[in-house]
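Trainee: Structure incoming, see below.
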Amino acid sequence: HRDLHSFPTRRSSDLFFRKIVKDNGATLRLLLGEITEFTQAESGNGRLKAERAALARAVGDVEGMLASLTGFLTGAMERPEEVYRVGLNTNRLLLALGDLLIGWLLARQAVVALASLDQDAADQDFYLGKIAAARFFAATVLPRLSTEREIVEQTSLDLMEIPETAF
């Protein structure tokens with residue numbers, strides 16, 4: 001049985017080859033830099049330390065995935081089959097980037113919510129919900145990116161060497 005996470009879709013391949021590789025990762029580096037700046041900021045008076053730490057780890061995990069995929073692509077210059085290692089992981093990268101961006105947006109909303117609560121905003125439950133969502137996501141979703149990074153880094157070509165008739 002093949003892991004559906006591994007099969008590249010047109011969107012995930014497009015993301016890596018046409019968006020990231022095409023501009024040498026400049027746009028993505030800019031975005032990751034903005035998220036990293038957020039993780040180092042003090043807004044929220046230290047009440048979002050765990051969420052910021054989870055985001056910082058997630059940025060590192062995404063950067064690790066990108067480094068691996070770029071390494072596989074570079075390796076394909078000498079060993080063309082290495083490009084399969086990229087293809088086996090583009091969905092994983094797409095999903096990881098989505099989780100990272102959602103975590104960042106939720107954390108930004110939590111900063112606004114904390115400021116609103118500090119000013120005794122009328123809709124306190126709404127703002128408490130924003131904070132709870134950011135905390136939940138940081139605690140239960142972002143940690144998965146470390147495992148996804150490890151999977152990317154350890155991707156072998158074993159699956160690609162099995163004849164199609166085996167399936």
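Chains: A, B, ... in order of the structure tokens. Residues: from 1 per chain. Ligands: from 1, in order shown.
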What's the 12 Å shell around segment 121-131 of chain A, counting only C-alpha atoms, without same-chain residues fewer than 4 positions away, as a list in words?

Mentor: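 The residues that qualify are Gly44, Arg47, Leu48, Glu51, Gly103, Leu105, Leu106, Ala107, Arg108, Gln109, Ala110, Val111, Val112, Ala113, Leu114, Ala115, Ser116, Leu117, Arg135, Phe136, Phe137 and Ala138 of chain A.
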
Trainee: Would you list the contacts of Glu34 of chain A as number ranges by chain, taking every protein, DNA or RNA residue within 12 Å and counting only C-alpha atoms, but skipping same-chain residues closer than 4 positions in sequence?

Mentor: A: 27-30, 38-41, 55-56, 59, 101, 104-105, 108

Trainee: Could you turn the residues from that selection into a file that holds all heavy atoms, as a CSV table (one decimal), in the first residue's frame?

Mentor:
```csv
chain,number,residue,atom,x,y,z
A,27,THR,N,10.9,34.3,-2.1
A,27,THR,CA,9.6,34.6,-1.6
A,27,THR,C,9.3,33.9,-0.3
A,27,THR,O,8.8,34.4,0.7
A,27,THR,CB,8.5,34.4,-2.6
A,27,THR,OG1,8.8,35.1,-3.8
A,27,THR,CG2,7.1,34.8,-2.1
A,28,LEU,N,9.5,32.6,-0.3
A,28,LEU,CA,9.3,31.7,0.9
A,28,LEU,C,10.2,32.2,2.0
A,28,LEU,O,9.7,32.2,3.2
A,28,LEU,CB,9.4,30.3,0.5
A,28,LEU,CG,9.1,29.3,1.6
A,28,LEU,CD1,7.6,29.5,2.2
A,28,LEU,CD2,9.2,27.9,1.2
A,29,ARG,N,11.4,32.5,1.7
A,29,ARG,CA,12.4,32.9,2.8
A,29,ARG,C,11.8,34.2,3.4
A,29,ARG,O,12.0,34.4,4.6
A,29,ARG,CB,13.8,33.1,2.2
A,29,ARG,CG,14.6,31.8,2.1
A,29,ARG,CD,16.1,32.1,2.0
A,29,ARG,NE,16.4,33.0,0.9
A,29,ARG,CZ,16.5,32.7,-0.4
A,29,ARG,NH1,16.4,31.4,-0.8
A,29,ARG,NH2,16.8,33.6,-1.3
A,30,LEU,N,11.3,35.1,2.6
A,30,LEU,CA,10.7,36.3,3.1
A,30,LEU,C,9.6,36.0,4.1
A,30,LEU,O,9.5,36.6,5.2
A,30,LEU,CB,10.3,37.2,2.0
A,30,LEU,CG,9.7,38.6,2.3
A,30,LEU,CD1,10.8,39.5,2.9
A,30,LEU,CD2,9.1,39.2,1.1
A,38,PHE,N,7.9,37.3,14.1
A,38,PHE,CA,6.7,37.2,15.0
A,38,PHE,C,7.1,36.3,16.2
A,38,PHE,O,6.7,36.6,17.4
A,38,PHE,CB,5.5,36.6,14.3
A,38,PHE,CG,4.3,36.4,15.2
A,38,PHE,CD1,3.5,37.4,15.5
A,38,PHE,CD2,4.1,35.1,15.8
A,38,PHE,CE1,2.4,37.2,16.4
A,38,PHE,CE2,3.0,34.9,16.6
A,38,PHE,CZ,2.2,36.0,16.9
A,39,THR,N,7.8,35.2,16.0
A,39,THR,CA,8.1,34.3,17.1
A,39,THR,C,9.0,34.9,18.2
A,39,THR,O,9.0,34.5,19.3
A,39,THR,CB,8.7,33.0,16.6
A,39,THR,OG1,10.0,33.3,16.1
A,39,THR,CG2,7.9,32.3,15.6
A,40,GLN,N,9.7,35.9,17.7
A,40,GLN,CA,10.7,36.6,18.6
A,40,GLN,C,10.1,37.9,19.2
A,40,GLN,O,10.8,38.5,20.1
A,40,GLN,CB,12.0,36.9,17.8
A,40,GLN,CG,12.7,35.7,17.3
A,40,GLN,CD,13.7,36.0,16.3
A,40,GLN,OE1,13.9,37.1,15.8
A,40,GLN,NE2,14.5,34.9,16.0
A,41,ALA,N,8.9,38.3,18.9
A,41,ALA,CA,8.3,39.5,19.4
A,41,ALA,C,7.8,39.3,20.8
A,41,ALA,O,7.7,38.2,21.3
A,41,ALA,CB,7.2,39.9,18.4
A,55,LEU,N,5.8,27.7,17.0
A,55,LEU,CA,5.9,28.3,15.7
A,55,LEU,C,7.4,28.3,15.3
A,55,LEU,O,7.7,28.0,14.1
A,55,LEU,CB,5.3,29.7,15.7
A,55,LEU,CG,3.9,29.8,15.3
A,55,LEU,CD1,3.4,31.3,15.5
A,55,LEU,CD2,3.6,29.4,13.9
A,56,ALA,N,8.3,28.7,16.2
A,56,ALA,CA,9.7,28.7,15.8
A,56,ALA,C,10.2,27.4,15.4
A,56,ALA,O,10.9,27.2,14.5
A,56,ALA,CB,10.5,29.3,17.0
A,59,VAL,N,8.9,26.5,12.0
A,59,VAL,CA,9.6,27.2,10.9
A,59,VAL,C,10.9,26.4,10.6
A,59,VAL,O,11.3,26.2,9.5
A,59,VAL,CB,10.0,28.7,11.3
A,59,VAL,CG1,11.0,29.3,10.3
A,59,VAL,CG2,8.7,29.5,11.3
A,101,LEU,N,1.4,28.2,8.3
A,101,LEU,CA,0.7,29.5,8.1
A,101,LEU,C,-0.6,29.6,9.0
A,101,LEU,O,-0.9,30.7,9.5
A,101,LEU,CB,0.3,29.6,6.6
A,101,LEU,CG,1.5,29.9,5.7
A,101,LEU,CD1,1.0,29.9,4.2
A,101,LEU,CD2,2.2,31.1,6.0
A,104,TRP,N,0.5,30.4,12.5
A,104,TRP,CA,1.0,31.8,12.6
A,104,TRP,C,-0.2,32.8,12.6
A,104,TRP,O,-0.3,33.7,13.4
A,104,TRP,CB,1.9,32.1,11.4
A,104,TRP,CG,2.4,33.5,11.2
A,104,TRP,CD1,2.9,34.3,12.2
A,104,TRP,CD2,2.4,34.3,10.1
A,104,TRP,NE1,3.3,35.5,11.7
A,104,TRP,CE2,2.9,35.6,10.4
A,104,TRP,CE3,1.9,34.1,8.8
A,104,TRP,CZ2,3.1,36.6,9.5
A,104,TRP,CZ3,2.1,35.1,7.8
A,104,TRP,CH2,2.7,36.3,8.2
A,105,LEU,N,-1.2,32.5,11.7
A,105,LEU,CA,-2.4,33.4,11.7
A,105,LEU,C,-3.2,33.3,13.0
A,105,LEU,O,-3.7,34.3,13.5
A,105,LEU,CB,-3.2,33.1,10.5
A,105,LEU,CG,-2.6,33.4,9.1
A,105,LEU,CD1,-3.5,32.9,8.0
A,105,LEU,CD2,-2.4,34.9,9.0
A,108,ARG,N,-1.3,35.2,15.6
A,108,ARG,CA,-1.5,36.7,15.5
A,108,ARG,C,-2.9,37.1,16.0
A,108,ARG,O,-3.0,38.1,16.6
A,108,ARG,CB,-1.3,37.0,14.0
A,108,ARG,CG,0.1,37.0,13.5
A,108,ARG,CD,0.3,37.3,12.1
A,108,ARG,NE,-0.6,38.3,11.6
A,108,ARG,CZ,-0.6,38.7,10.3
A,108,ARG,NH1,0.1,38.1,9.4
A,108,ARG,NH2,-1.4,39.7,9.9
```

Trainee: Looking at A:Thr165, A:Met160, A:Ala139, A:Leu88, which one is nearest to Ser13 of chain A, with distances taken over only C-alpha atoms?

Mentor: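 Selected residue with least distance to Ser13 of chain A: A:Leu88.
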
Trainee: If we count only C-alpha atoms and set the cut-off at 10 Å, which residues sit around Val83 of chain A, ignoring sequence neighbours fewer than 5 positions away in its own chain? Please answer as an mmCIF file with N, CA and C atoms, in the first residue's frame.

Mentor:
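File written: selection.cif
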```
data_model
loop_
_atom_site.group_PDB
_atom_site.id
_atom_site.type_symbol
_atom_site.label_atom_id
_atom_site.label_comp_id
_atom_site.auth_asym_id
_atom_site.auth_seq_id
_atom_site.Cartn_x
_atom_site.Cartn_y
_atom_site.Cartn_z
ATOM 1 N N LEU A 69 14.659 18.744 0.333
ATOM 2 C CA LEU A 69 14.132 18.681 -1.028
ATOM 3 C C LEU A 69 15.082 19.349 -2.014
ATOM 4 N N THR A 70 15.659 20.458 -1.603
ATOM 5 C CA THR A 70 16.624 21.145 -2.463
ATOM 6 C C THR A 70 17.865 20.267 -2.663
ATOM 7 N N GLY A 71 18.275 19.612 -1.613
ATOM 8 C CA GLY A 71 19.407 18.685 -1.721
ATOM 9 C C GLY A 71 19.116 17.523 -2.657
ATOM 10 N N PHE A 72 17.894 16.978 -2.569
ATOM 11 C CA PHE A 72 17.508 15.898 -3.478
ATOM 12 C C PHE A 72 17.532 16.389 -4.922
ATOM 13 N N LEU A 73 17.006 17.594 -5.135
ATOM 14 C CA LEU A 73 16.961 18.157 -6.485
ATOM 15 C C LEU A 73 18.366 18.383 -7.022
ATOM 16 N N THR A 74 19.236 18.905 -6.203
ATOM 17 C CA THR A 74 20.625 19.109 -6.608
ATOM 18 C C THR A 74 21.291 17.768 -6.908
ATOM 19 N N GLY A 75 21.011 16.777 -6.085
ATOM 20 C CA GLY A 75 21.557 15.437 -6.299
ATOM 21 C C GLY A 75 21.096 14.812 -7.599
ATOM 22 N N ALA A 76 19.948 15.258 -8.099
ATOM 23 C CA ALA A 76 19.410 14.721 -9.355
ATOM 24 C C ALA A 76 20.261 15.121 -10.555
ATOM 25 N N MET A 77 21.128 16.101 -10.390
ATOM 26 C CA MET A 77 22.033 16.479 -11.486
ATOM 27 C C MET A 77 22.973 15.326 -11.823
ATOM 28 N N LEU A 88 8.160 12.481 -3.972
ATOM 29 C CA LEU A 88 7.545 11.730 -2.885
ATOM 30 C C LEU A 88 7.202 12.609 -1.685
ATOM 31 N N LEU A 157 14.490 5.634 -1.942
ATOM 32 C CA LEU A 157 13.920 5.348 -3.260
ATOM 33 C C LEU A 157 13.372 3.923 -3.348
#
```

Trainee: I'd like the neighbourhood of Leu66 of chain A as an NGL selection string, where a residue qualifies if any of its atoms comes within 12 Å (using only C-alpha atoms), though same-chain residues fewer than 4 positions away should be ignored.

Mentor: :A and (15-17 or 20-21 or 24-25 or 28-29 or 32 or 59-62 or 70-73 or 86 or 89-90 or 92-94 or 96-97 or 148-150 or 152-153)

Trainee: Please extract the residues of segment 103-165 of chain A with a backbone DSSP assignment of alpha helix (DSSP H) and present them as a ChimeraX atom specification.

Mentor: /A:103-118,124-140,144-153,158-161
